[in-house]
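What's in work22.pdb: PDB, C-alpha atoms
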ATOM      1  CA  MET A   1       6.848  13.962  14.975
ATOM      2  CA  LYS A   2       5.514  14.137  18.524
ATOM      3  CA  PRO A   3       6.630  11.287  20.815
ATOM      4  CA  ASP A   4       3.045  10.100  21.444
ATOM      5  CA  HIS A   5       2.260   9.912  17.704
ATOM      6  CA  ARG A   6       2.771   7.215  15.082
ATOM      7  CA  ARG A   7       3.140   7.578  11.307
ATOM      8  CA  LEU A   8       0.296   5.387  10.028
ATOM      9  CA  PHE A   9      -1.314   4.189   6.810
ATOM     10  CA  PHE A  10      -3.969   1.705   5.706
ATOM     11  CA  ALA A  11      -2.615  -0.875   3.270
ATOM     12  CA  LEU A  12      -2.996  -4.157   1.480
ATOM     13  CA  TRP A  13      -0.293  -6.546   2.689
ATOM     14  CA  PRO A  14       0.710  -9.412   0.383
ATOM     15  CA  THR A  15       0.794 -13.061   1.385
ATOM     16  CA  GLU A  16       4.137 -14.862   1.316
ATOM     17  CA  ALA A  17       3.323 -16.439  -2.086
ATOM     18  CA  VAL A  18       2.558 -13.034  -3.612
ATOM     19  CA  ARG A  19       5.647 -11.575  -1.929
ATOM     20  CA  ARG A  20       7.815 -14.299  -3.570
ATOM     21  CA  ALA A  21       6.370 -13.517  -7.018
ATOM     22  CA  LEU A  22       6.957  -9.811  -6.452
ATOM     23  CA  ARG A  23      10.507 -10.482  -5.242
ATOM     24  CA  GLU A  24      11.208 -12.307  -8.543
ATOM     25  CA  LEU A  25       9.748  -9.381 -10.481
ATOM     26  CA  LEU A  26      11.929  -7.026  -8.444
ATOM     27  CA  GLU A  27      15.074  -9.038  -9.192
ATOM     28  CA  LYS A  28      14.320  -9.105 -12.932
ATOM     29  CA  SER A  29      13.199  -5.490 -13.317
ATOM     30  CA  THR A  30      15.165  -3.182 -11.087
ATOM     31  CA  PRO A  31      18.778  -3.924 -12.168
ATOM     32  CA  SER A  32      18.139  -2.545 -15.662
ATOM     33  CA  LEU A  33      16.163   0.428 -14.355
ATOM     34  CA  GLY A  34      18.511   1.485 -11.590
ATOM     35  CA  GLY A  35      17.451   2.586  -8.171
ATOM     36  CA  ARG A  36      17.369   1.012  -4.754
ATOM     37  CA  PRO A  37      15.031  -2.010  -4.551
ATOM     38  CA  VAL A  38      12.390  -1.890  -1.826
ATOM     39  CA  PRO A  39      12.988  -4.701   0.708
ATOM     40  CA  ALA A  40      10.504  -7.532   0.052
ATOM     41  CA  GLU A  41       9.117  -7.277   3.599
ATOM     42  CA  ASN A  42       8.126  -3.651   2.891
ATOM     43  CA  LEU A  43       6.083  -4.399  -0.256
ATOM     44  CA  HIS A  44       2.466  -3.254   0.084
ATOM     45  CA  VAL A  45      -0.254  -1.197  -1.584
ATOM     46  CA  THR A  46      -1.072   1.971   0.336
ATOM     47  CA  LEU A  47      -4.835   2.469   0.536
ATOM     48  CA  LEU A  48      -4.701   5.676   2.564
ATOM     49  CA  PHE A  49      -1.762   7.549   4.077
ATOM     50  CA  LEU A  50      -2.757   8.969   7.471
ATOM     51  CA  GLY A  51       0.411  10.721   8.640
ATOM     52  CA  SER A  52       1.194  11.450  12.285
ATOM     53  CA  VAL A  53      -1.606  10.049  14.472
ATOM     54  CA  ASP A  54      -2.097  10.045  18.260
ATOM     55  CA  ALA A  55      -3.512   7.084  20.229
ATOM     56  CA  ALA A  56      -7.062   8.480  20.502
ATOM     57  CA  ARG A  57      -7.317   9.114  16.772
ATOM     58  CA  GLN A  58      -5.776   5.690  16.073
ATOM     59  CA  GLY A  59      -8.587   4.129  18.124
ATOM     60  CA  CYS A  60     -11.161   6.043  16.088
ATOM     61  CA  LEU A  61      -9.528   4.875  12.832
ATOM     62  CA  GLU A  62      -9.491   1.246  13.997
ATOM     63  CA  LYS A  63     -13.176   1.444  14.914
ATOM     64  CA  ALA A  64     -14.033   2.960  11.522
ATOM     65  CA  ALA A  65     -12.012   0.284   9.690
ATOM     66  CA  GLY A  66     -13.705  -2.470  11.685
ATOM     67  CA  GLY A  67     -17.091  -1.270  10.426
ATOM     68  CA  ILE A  68     -16.200  -1.672   6.747
ATOM     69  CA  ASP A  69     -17.906  -4.564   4.981
ATOM     70  CA  ALA A  70     -16.125  -4.946   1.636
ATOM     71  CA  PRO A  71     -15.839  -8.035  -0.584
ATOM     72  CA  PRO A  72     -12.558  -9.797  -1.406
ATOM     73  CA  PHE A  73     -11.124  -9.056  -4.859
ATOM     74  CA  GLU A  74      -8.122  -9.853  -7.029
ATOM     75  CA  LEU A  75      -5.369  -7.499  -8.129
ATOM     76  CA  ARG A  76      -3.368  -8.322 -11.233
ATOM     77  CA  PHE A  77      -0.107  -6.402 -11.449
ATOM     78  CA  ASP A  78       0.966  -6.380 -15.087
ATOM     79  CA  HIS A  79       3.098  -3.359 -15.950
ATOM     80  CA  LEU A  80       5.849  -1.098 -14.669
ATOM     81  CA  GLY A  81       5.577   2.643 -14.412
ATOM     82  CA  SER A  82       7.238   5.447 -12.509
ATOM     83  CA  PHE A  83       6.659   8.636 -10.630
ATOM     84  CA  PRO A  84       9.612  10.511 -12.188
ATOM     85  CA  ARG A  85       9.554  13.443  -9.794
ATOM     86  CA  ALA A  86       9.815  11.107  -6.787
ATOM     87  CA  ARG A  87      12.166   8.767  -8.750
ATOM     88  CA  ILE A  88      10.019   5.747  -7.900
ATOM     89  CA  ILE A  89       9.511   2.641 -10.053
ATOM     90  CA  TRP A  90       6.265   0.765  -9.415
ATOM     91  CA  SER A  91       4.175  -2.121 -10.658
ATOM     92  CA  GLY A  92       0.578  -1.296 -11.460
ATOM     93  CA  VAL A  93      -2.719  -2.842 -12.465
ATOM     94  CA  SER A  94      -4.329  -2.277 -15.871
ATOM     95  CA  GLU A  95      -7.788  -2.878 -14.422
ATOM     96  CA  THR A  96      -8.673  -1.547 -10.982
ATOM     97  CA  PRO A  97     -11.385  -3.622  -9.283
ATOM     98  CA  PRO A  98     -14.369  -1.488  -8.203
ATOM     99  CA  ALA A  99     -14.178  -3.191  -4.776
ATOM    100  CA  LEU A 100     -10.675  -1.738  -4.299
ATOM    101  CA  LEU A 101     -11.846   1.778  -5.139
ATOM    102  CA  SER A 102     -14.802   1.377  -2.747
ATOM    103  CA  LEU A 103     -12.525   0.150   0.052
ATOM    104  CA  ALA A 104     -10.142   3.095  -0.375
ATOM    105  CA  ALA A 105     -13.079   5.543  -0.459
ATOM    106  CA  GLU A 106     -14.654   4.041   2.681
ATOM    107  CA  LEU A 107     -11.344   4.294   4.529
ATOM    108  CA  GLY A 108     -11.109   7.931   3.427
ATOM    109  CA  ARG A 109     -14.592   8.670   4.761
ATOM    110  CA  GLY A 110     -13.728   6.917   8.024
ATOM    111  CA  ALA A 111     -10.546   8.970   8.379
ATOM    112  CA  ALA A 112     -12.490  12.181   7.704
ATOM    113  CA  GLY A 113     -14.939  11.137  10.440
ATOM    114  CA  CYS A 114     -11.944  10.880  12.776
ATOM    115  CA  GLY A 115     -10.867  14.428  11.913
ATOM    116  CA  LEU A 116      -8.167  13.684   9.327
ATOM    117  CA  GLU A 117      -7.972  15.572   6.045
ATOM    118  CA  PRO A 118      -7.945  13.325   2.955
ATOM    119  CA  GLU A 119      -4.969  13.445   0.583
ATOM    120  CA  GLY A 120      -5.531  15.769  -2.341
ATOM    121  CA  ARG A 121      -4.224  13.396  -5.002
ATOM    122  CA  PRO A 122      -6.326  10.609  -6.525
ATOM    123  CA  PHE A 123      -5.839   7.004  -5.390
ATOM    124  CA  THR A 124      -3.491   5.150  -7.764
ATOM    125  CA  PRO A 125      -3.055   1.483  -6.794
ATOM    126  CA  HIS A 126       0.601   0.487  -7.166
ATOM    127  CA  LEU A 127       3.437  -1.420  -5.512
ATOM    128  CA  THR A 128       6.646   0.575  -5.129
ATOM    129  CA  LEU A 129       9.517  -1.641  -6.335
ATOM    130  CA  ALA A 130      12.469   0.773  -6.289
ATOM    131  CA  ARG A 131      13.358   4.236  -5.042
ATOM    132  CA  LYS A 132      15.954   6.686  -6.375
ATOM    133  CA  ALA A 133      15.444   5.278  -9.863
ATOM    134  CA  GLY A 134      17.916   6.232 -12.542
ATOM    135  CA  LYS A 135      15.433   6.634 -15.383
ATOM    136  CA  PRO A 136      11.645   6.866 -15.683
ATOM    137  CA  VAL A 137       9.601   4.082 -17.274
ATOM    138  CA  ARG A 138       6.133   4.152 -18.741
ATOM    139  CA  ASP A 139       3.748   1.249 -19.214
ATOM    140  CA  VAL A 140       6.350  -1.501 -19.579
ATOM    141  CA  PRO A 141       4.454  -4.832 -19.554
ATOM    142  CA  HIS A 142       5.633  -7.670 -17.313
ATOM    143  CA  ALA A 143       4.403 -11.182 -16.532
ATOM    144  CA  PRO A 144       1.218 -10.765 -14.472
ATOM    145  CA  VAL A 145       1.325 -11.258 -10.718
ATOM    146  CA  ALA A 146      -2.121 -12.191  -9.365
ATOM    147  CA  TRP A 147      -2.945 -11.279  -5.781
ATOM    148  CA  PRO A 148      -6.207 -12.511  -4.245
ATOM    149  CA  VAL A 149      -6.842  -9.785  -1.650
ATOM    150  CA  GLU A 150      -8.655 -11.076   1.420
ATOM    151  CA  GLY A 151      -7.978  -8.313   3.930
ATOM    152  CA  PHE A 152      -6.394  -4.965   4.714
ATOM    153  CA  CYS A 153      -4.370  -3.578   7.594
ATOM    154  CA  LEU A 154      -3.280  -0.558   9.576
ATOM    155  CA  ALA A 155       0.503  -0.212   9.404
ATOM    156  CA  GLU A 156       3.136   1.979  10.985
ATOM    157  CA  SER A 157       6.093   3.504   9.165
ATOM    158  CA  LEU A 158       9.269   3.478  11.250
ATOM    159  CA  THR A 159      12.232   5.584  10.157
ATOM    160  CA  LEU A 160      15.495   3.836  10.983
ATOM    161  CA  PRO A 161      19.125   4.633  10.093
ATOM    162  CA  THR A 162      18.966   1.722   7.619
ATOM    163  CA  GLY A 163      15.816   3.110   5.960
ATOM    164  CA  ALA A 164      12.069   2.805   6.414
ATOM    165  CA  ARG A 165      10.551  -0.291   7.973
ATOM    166  CA  TYR A 166       6.824  -1.008   8.026
ATOM    167  CA  ARG A 167       5.019  -2.862  10.775
ATOM    168  CA  VAL A 168       1.453  -4.184  10.602
ATOM    169  CA  LEU A 169      -0.478  -3.111  13.711
ATOM    170  CA  LYS A 170      -3.923  -4.558  13.009
ATOM    171  CA  ARG A 171      -5.641  -6.566  10.250
ATOM    172  CA  TRP A 172      -9.244  -6.783   9.034
ATOM    173  CA  PRO A 173     -10.625  -9.480   6.724
ATOM    174  CA  LEU A 174     -12.694  -8.683   3.655
ATOM    175  CA  GLY A 175     -16.006 -10.400   3.062
ATOM    176  CA  GLY A 176     -17.719  -9.677   6.350
ATOM    177  CA  GLN A 177     -15.697 -12.108   8.495
ATOM    178  CA  ARG A 178     -14.957 -10.429  11.806
ATOM    179  CA  GLU A 179     -12.575 -11.417  14.582
TER
END

Serialized structure, structure tokens:
Amino acid sequence: MKPDHRRLFFALWPTEAVRRALRELLEKSTPSLGGRPVPAENLHVTLLFLGSVDAARQGCLEKAAGGIDAPPFELRFDHLGSFPRARIIWSGVSETPPALLSLAAELGRGAAGCGLEPEGRPFTPHLTLARKAGKPVRDVPHAPVAWPVEGFCLAESLTLPTGARYRVLKRWPLGGQRE
């Protein structure tokens, strides 16, 4: 990656209460499934991966995100699944709120307006719980974790010797409230 670029993504970032509930789910689920648990501070839902972005394009993305007027919604994580090829275990939602799909689509249009190509794969809302999983899982129910989503953020992925670390750069509220 070029020195003047950052590896960025738009995401939903959980509150501390949601993070605690997810941490409990992590502790109960991942030992039997194998893999390396994702650190609780890294838990998030990626709305749109942007890749390597320079400062000018980051400014364009922030402006586009600031123009989005989307309502708050609730996510209800209720089952485990996996991406076997990537060896990832995740928690997913049985019902995807239309407001979430609209938010992800609007961010995609904003990114395209800033000259970024959208990802080719469809948006699948999930929380990655473990990497390098030993065995795949499919639709394993778990106690629901409710997450009232009231905002989204732009985050940076930092690659460190100890693994990836994510840092929130900017936040936007849902529901039309602006800073």

Legend entry - Point-to-point distance in Å for atom CA of A:Leu61 and atom CA of A:Gly115: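 Pair atom CA of A:Gly115 / atom CA of A:Leu61 returns 9.7 Å.
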
Legend entry - Result set of the PyMOL selection byres ((chain A and resi 171) around 7) on the coordinates above, as a PyMOL selection string: chain A and resi 151-154+170+172-173

Legend entry - Computed interatomic separation between atom CA of A:Leu174 and atom CA of A:Glu74 (Å):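 If I compute the distance from atom CA of A:Leu174 to atom CA of A:Glu74, I get 11.7 Å.
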
Inset, instruction - Considering all atoms listed in the file, return as a VMD selection string whatever protein or nucleic-acid residues lie within 12 Å of A:Asp69, sequence-local ones (same chain, fewer than 3 positions apart) excluded. - result: chain A and resid 64 to 66 72 99 102 to 103 106 to 107 150 to 152 172 to 178

Inset, instruction - Provide the atom CA of A:Leu169 to atom CA of A:Trp147 distance in Å, to one decimal place. - result: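 Computing the Euclidean distance for atom CA of A:Leu169 and atom CA of A:Trp147 yields 21.3 Å.
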
The PyMOL selection byres ((chain A and resi 25) around 10) on the file shown: which residues, as a compact mmCIF listing (two decimals) with C-alpha atoms, keeping the file's coordinate frame?
# COMPACT_ATOMS: atom_id res chain seq x y z
CA ARG A 19 5.65 -11.58 -1.93
CA ARG A 20 7.82 -14.30 -3.57
CA ALA A 21 6.37 -13.52 -7.02
CA LEU A 22 6.96 -9.81 -6.45
CA ARG A 23 10.51 -10.48 -5.24
CA GLU A 24 11.21 -12.31 -8.54
CA LEU A 26 11.93 -7.03 -8.44
CA GLU A 27 15.07 -9.04 -9.19
CA LYS A 28 14.32 -9.10 -12.93
CA SER A 29 13.20 -5.49 -13.32
CA THR A 30 15.16 -3.18 -11.09
CA SER A 91 4.18 -2.12 -10.66
CA LEU A 129 9.52 -1.64 -6.34
CA HIS A 142 5.63 -7.67 -17.31
CA ALA A 143 4.40 -11.18 -16.53
CA PRO A 144 1.22 -10.76 -14.47
CA VAL A 145 1.32 -11.26 -10.72

Inset, instruction - Compare A:Leu33, A:Ala164, A:Leu8, A:Leu48 by their minimum atom-to-atom distance to A:Arg109, counting all atoms listed in the file, and give me the closest one. - result: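 Smallest distance to A:Arg109 is found for A:Leu48.
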
Legend entry - Selection under test: the PyMOL selection byres ((chain A and resi 98) around 12); residues as a list of chain:residue names: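 So the PyMOL selection byres ((chain A and resi 98) around 12), applied here, picks out A:Ala70, A:Pro71, A:Pro72, A:Phe73, A:Glu74, A:Leu75, A:Glu95, A:Thr96, A:Pro97, A:Ala99, A:Leu100, A:Leu101, A:Ser102, A:Leu103, A:Ala104, A:Ala105, A:Pro125.
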
Export C-alpha atoms of the chosen residues as an mmCIF file, in the frame of the given file?
data_model
loop_
_atom_site.group_PDB
_atom_site.id
_atom_site.type_symbol
_atom_site.label_atom_id
_atom_site.label_comp_id
_atom_site.auth_asym_id
_atom_site.auth_seq_id
_atom_site.Cartn_x
_atom_site.Cartn_y
_atom_site.Cartn_z
ATOM 1 C CA ALA A 70 -16.125 -4.946 1.636
ATOM 2 C CA PRO A 71 -15.839 -8.035 -0.584
ATOM 3 C CA PRO A 72 -12.558 -9.797 -1.406
ATOM 4 C CA PHE A 73 -11.124 -9.056 -4.859
ATOM 5 C CA GLU A 74 -8.122 -9.853 -7.029
ATOM 6 C CA LEU A 75 -5.369 -7.499 -8.129
ATOM 7 C CA GLU A 95 -7.788 -2.878 -14.422
ATOM 8 C CA THR A 96 -8.673 -1.547 -10.982
ATOM 9 C CA PRO A 97 -11.385 -3.622 -9.283
ATOM 10 C CA ALA A 99 -14.178 -3.191 -4.776
ATOM 11 C CA LEU A 100 -10.675 -1.738 -4.299
ATOM 12 C CA LEU A 101 -11.846 1.778 -5.139
ATOM 13 C CA SER A 102 -14.802 1.377 -2.747
ATOM 14 C CA LEU A 103 -12.525 0.150 0.052
ATOM 15 C CA ALA A 104 -10.142 3.095 -0.375
ATOM 16 C CA ALA A 105 -13.079 5.543 -0.459
ATOM 17 C CA PRO A 125 -3.055 1.483 -6.794
#

Enclose stretch 145-152 of chain A, meaning all of its atoms listed in the file, in a box aligned along x, y and z, pad it by 4 Å on each side, and list the centre and edge lengths in Å to one decimal, as JSON.
{"center_x": -3.7, "center_y": -8.7, "center_z": -3.0, "size_x": 18.0, "size_y": 15.5, "size_z": 23.4}

Legend entry - Residue contacts of stretch 82-86 of chain A (8 Å, only C-alpha atoms) excluding same-chain residues fewer than 4 positions away, as a PyMOL selection string: chain A and resi 90+131-132+135-138

Inset, instruction - Tell me which protein, DNA and RNA residues are within 9 Å of A:His126, counting all atoms listed in the file, leaving out same-chain ones fewer than 3 positions away, and put them as a PyMOL selection string. - result: chain A and resi 44-46+77+90-93
